[in-house]
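Colleague: If you scroll down you'll find the structure; I have some questions about it.
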Amino acid sequence: MRKVNKSIDTRKLVLISVLVAQGMVLGYIEKMLPIPFIVPGAKLGLANIVTLTAVYFLNFRASAAVVLLRVLLTAVTFGSISSFLYSLSGGVLSLMAMAGLLKVFKNEMSLISVSIIGSISHNVGQLMVAALIIHNVLILTYLPFLLIVAVPTGIFVGLVAKALIQYLEKTNFIR
Amino acid sequence: MKKNDVILIVIVLLLGVVSYGIINFMKKDVGDDLRVIIKHRGVVVKEYPFDDLTRETYVLDVEGEINVVQIEKGLVSLSEANCQDLICVKTGSISKPGEIIVCLPHKFTVEIVSNENLSEIDDIVE
């Protein structure tokens, strides 16, 4: 992980802002897609592409900024309170899972594995909020389905993030 | 994809299948004295005693958010709803105690409980 040393670094600032903007747009696109899932709480999680990229290039504080800013800005522009709670818990949980994994198993785990775990935690976070919002713990019986759904979505997100990361490394934007 | 990825994927899929099996095993196949409980935001809005002969249609309309519950031939399903994702309708029908249909956008649930574990479930919810 290449960390930027100076506390105020324009490149880092730009990267954070671009990632936040990308995350917002991806979230918006995902909302417009017809949802093929039949399980409540399951999502494609396109915004996880951005979270994974942020975790890969930036330190934890900066990636947390990317996730929190995206969730907050999405909520005030085109969200409701419940959608804010869903994306907050999903986003924060997958951020912590992916950042932790990349830190500990940097060499053992590929981006795809990290992304699958990220998808699982994203879905779990959403389901926990759902259980709170509808006041019903029975909804947690959907967890097995969410585990299985997280595999294809996680692979997809991981592949896209890998392509994005490789491209960003080639452009030499991040030093 | 590396070898580790494949191992992880297999573990996750196995975990999903096994936990699904366990949950399904815990649902009692035959329970006596079943009830269908319809809730909105966690508050019970309607209750029906439920067996193979129950035939009911219940329409919940909260500020234009509509869900139609259909109970017939020992099956409970949502025949209609105007939420955005229609996951509740696509869930299909449920028939066993412990099963649930959820409409997250409308904060609406339909569940089947047997009267024996009713008090237990209430404890968990509270």
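Residue numbering restarts at 1 for every chain of the structure tokens, chains are lettered A, B, ... in their displayed order, and ligands are numbered from 1 as they appear.
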Would you kindly return, as a PyMOL selection string, each protein, DNA or RNA residue with an atom no farther than 12 Å from any atom of A:Ile155, considering only C-alpha atoms and excluding same-chain residues fewer than 3 positions away?
Modeller: (chain A and resi 44-46+48-49+110-120+148-152+158-162) or (chain B and resi 1+5-6+8-9)
Colleague: Store the residues picked out above, limited to N, CA and C atoms, as a short mmCIF file (atom, residue, chain, number, x, y, z; two decimals), in the first residue's frame.
Modeller:
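Output below, filename result.cif:
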data_model
loop_
_atom_site.label_atom_id
_atom_site.label_comp_id
_atom_site.auth_asym_id
_atom_site.auth_seq_id
_atom_site.Cartn_x
_atom_site.Cartn_y
_atom_site.Cartn_z
N LEU A 44 -26.24 -5.67 -5.57
CA LEU A 44 -25.07 -5.83 -6.42
C LEU A 44 -23.87 -5.18 -5.75
N GLY A 45 -24.09 -4.05 -5.09
CA GLY A 45 -23.00 -3.42 -4.35
C GLY A 45 -21.94 -2.80 -5.24
N LEU A 46 -22.39 -2.07 -6.27
CA LEU A 46 -21.42 -1.44 -7.18
C LEU A 46 -20.50 -0.48 -6.43
N ASN A 48 -19.13 -0.86 -3.80
CA ASN A 48 -18.01 -1.59 -3.21
C ASN A 48 -16.76 -1.53 -4.10
N ILE A 49 -16.96 -1.34 -5.40
CA ILE A 49 -15.82 -1.18 -6.31
C ILE A 49 -14.97 -0.01 -5.83
N SER A 110 -6.25 -12.51 -2.77
CA SER A 110 -6.39 -11.68 -3.95
C SER A 110 -7.53 -10.68 -3.75
N LEU A 111 -7.61 -9.72 -4.65
CA LEU A 111 -8.68 -8.73 -4.55
C LEU A 111 -10.05 -9.39 -4.63
N ILE A 112 -10.13 -10.49 -5.37
CA ILE A 112 -11.44 -11.13 -5.54
C ILE A 112 -11.93 -11.70 -4.20
N SER A 113 -11.02 -12.36 -3.48
CA SER A 113 -11.41 -12.89 -2.16
C SER A 113 -11.83 -11.76 -1.23
N VAL A 114 -11.01 -10.71 -1.20
CA VAL A 114 -11.33 -9.57 -0.34
C VAL A 114 -12.70 -9.02 -0.71
N SER A 115 -12.96 -8.95 -2.01
CA SER A 115 -14.22 -8.38 -2.47
C SER A 115 -15.41 -9.26 -2.10
N ILE A 116 -15.22 -10.59 -2.13
CA ILE A 116 -16.32 -11.48 -1.73
C ILE A 116 -16.66 -11.26 -0.26
N ILE A 117 -15.62 -11.20 0.59
CA ILE A 117 -15.87 -10.93 2.01
C ILE A 117 -16.55 -9.57 2.17
N GLY A 118 -16.11 -8.60 1.37
CA GLY A 118 -16.73 -7.27 1.41
C GLY A 118 -18.21 -7.34 1.06
N SER A 119 -18.54 -8.12 0.03
CA SER A 119 -19.94 -8.26 -0.37
C SER A 119 -20.76 -8.90 0.74
N ILE A 120 -20.18 -9.94 1.35
CA ILE A 120 -20.90 -10.61 2.44
C ILE A 120 -21.20 -9.62 3.56
N ILE A 148 -24.68 -16.86 -0.29
CA ILE A 148 -24.51 -17.44 -1.62
C ILE A 148 -24.54 -16.35 -2.69
N VAL A 149 -25.46 -15.39 -2.53
CA VAL A 149 -25.55 -14.30 -3.51
C VAL A 149 -24.27 -13.47 -3.54
N ALA A 150 -23.60 -13.37 -2.37
CA ALA A 150 -22.41 -12.53 -2.29
C ALA A 150 -21.26 -13.07 -3.13
N VAL A 151 -21.29 -14.35 -3.47
CA VAL A 151 -20.18 -14.91 -4.26
C VAL A 151 -20.11 -14.31 -5.67
N PRO A 152 -21.18 -14.42 -6.47
CA PRO A 152 -21.08 -13.81 -7.81
C PRO A 152 -20.92 -12.29 -7.76
N GLY A 158 -14.91 -7.51 -7.52
CA GLY A 158 -13.47 -7.69 -7.43
C GLY A 158 -12.79 -7.53 -8.78
N LEU A 159 -13.39 -8.10 -9.82
CA LEU A 159 -12.79 -8.00 -11.15
C LEU A 159 -12.76 -6.55 -11.63
N VAL A 160 -13.88 -5.85 -11.43
CA VAL A 160 -13.93 -4.46 -11.88
C VAL A 160 -12.92 -3.61 -11.11
N ALA A 161 -12.86 -3.83 -9.78
CA ALA A 161 -11.92 -3.05 -8.96
C ALA A 161 -10.49 -3.33 -9.39
N LYS A 162 -10.20 -4.59 -9.73
CA LYS A 162 -8.86 -4.96 -10.16
C LYS A 162 -8.48 -4.20 -11.42
N MET B 1 -8.08 -16.16 -11.36
CA MET B 1 -8.48 -16.55 -10.00
C MET B 1 -7.46 -17.51 -9.41
N ASP B 5 -8.72 -18.18 -3.79
CA ASP B 5 -10.06 -17.67 -4.12
C ASP B 5 -11.05 -18.81 -4.20
N VAL B 6 -10.64 -19.88 -4.89
CA VAL B 6 -11.54 -21.02 -5.06
C VAL B 6 -11.88 -21.63 -3.71
N LEU B 8 -11.93 -20.11 -0.81
CA LEU B 8 -12.85 -19.21 -0.12
C LEU B 8 -14.27 -19.36 -0.66
N ILE B 9 -14.37 -19.40 -1.99
CA ILE B 9 -15.70 -19.50 -2.61
C ILE B 9 -16.40 -20.78 -2.16
#
Colleague: Please check the contacts: residues of chain A at most 8 Å away from chain B, using only C-alpha atoms, listed as number ranges by chain.
Modeller: A: 34-35, 37-40, 108-110, 112-113, 130, 133-139, 141, 143-148, 151
Colleague: May I have the selected residues written with C-alpha atoms, as a PDB file, in the first residue's frame?
Modeller:
ATOM      1  CA  PRO A  34     -33.959  -3.804 -12.454  1.00  0.00           C
ATOM      2  CA  ILE A  35     -33.219  -5.938  -9.405  1.00  0.00           C
ATOM      3  CA  PHE A  37     -32.494 -10.693  -6.578  1.00  0.00           C
ATOM      4  CA  ILE A  38     -35.385 -12.275  -4.737  1.00  0.00           C
ATOM      5  CA  VAL A  39     -33.835 -11.885  -1.288  1.00  0.00           C
ATOM      6  CA  PRO A  40     -34.311  -8.760   0.796  1.00  0.00           C
ATOM      7  CA  GLU A 108      -2.195 -14.250   0.715  1.00  0.00           C
ATOM      8  CA  MET A 109      -5.534 -12.943  -0.507  1.00  0.00           C
ATOM      9  CA  SER A 110      -6.389 -11.678  -3.954  1.00  0.00           C
ATOM     10  CA  ILE A 112     -11.443 -11.132  -5.539  1.00  0.00           C
ATOM     11  CA  SER A 113     -11.410 -12.892  -2.161  1.00  0.00           C
ATOM     12  CA  ALA A 130     -33.584  -4.301   7.902  1.00  0.00           C
ATOM     13  CA  ILE A 133     -36.384  -1.234  10.745  1.00  0.00           C
ATOM     14  CA  ILE A 134     -39.101  -3.864  10.439  1.00  0.00           C
ATOM     15  CA  HIS A 135     -38.656  -5.026  14.066  1.00  0.00           C
ATOM     16  CA  ASN A 136     -38.397  -8.648  13.084  1.00  0.00           C
ATOM     17  CA  VAL A 137     -35.518 -11.030  13.709  1.00  0.00           C
ATOM     18  CA  LEU A 138     -37.010 -13.713  11.481  1.00  0.00           C
ATOM     19  CA  ILE A 139     -35.565 -11.855   8.505  1.00  0.00           C
ATOM     20  CA  THR A 141     -33.166 -16.500   8.243  1.00  0.00           C
ATOM     21  CA  LEU A 143     -28.576 -14.937   5.790  1.00  0.00           C
ATOM     22  CA  PRO A 144     -27.694 -18.204   3.995  1.00  0.00           C
ATOM     23  CA  PHE A 145     -29.094 -16.838   0.729  1.00  0.00           C
ATOM     24  CA  LEU A 146     -27.135 -13.641   1.193  1.00  0.00           C
ATOM     25  CA  LEU A 147     -23.924 -15.637   1.650  1.00  0.00           C
ATOM     26  CA  ILE A 148     -24.510 -17.435  -1.622  1.00  0.00           C
ATOM     27  CA  VAL A 151     -20.175 -14.910  -4.258  1.00  0.00           C
TER      28      VAL A 151
END
Colleague: Give the alpha helix (DSSP H) residues of chain B, as DSSP finds them on the backbone, and put them as a PyMOL selection string.
Modeller: chain B and resi 3-26+87-90+118-125
Colleague: Would you work out the distance separating atom CA of A:Ala54 from atom CA of A:Thr153, expressed in Å to one decimal?
Modeller: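 Atom CA of A:Ala54 sits 18.5 Å away from atom CA of A:Thr153.
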Colleague: Neighbouring residues of A:Leu73 were defined as those with any atom within 10 Å, considering only C-alpha atoms; residues of the same chain fewer than 6 positions away were excluded. Please report them as a ChimeraX atom specification.
Modeller: /A:20-21,24,79,84
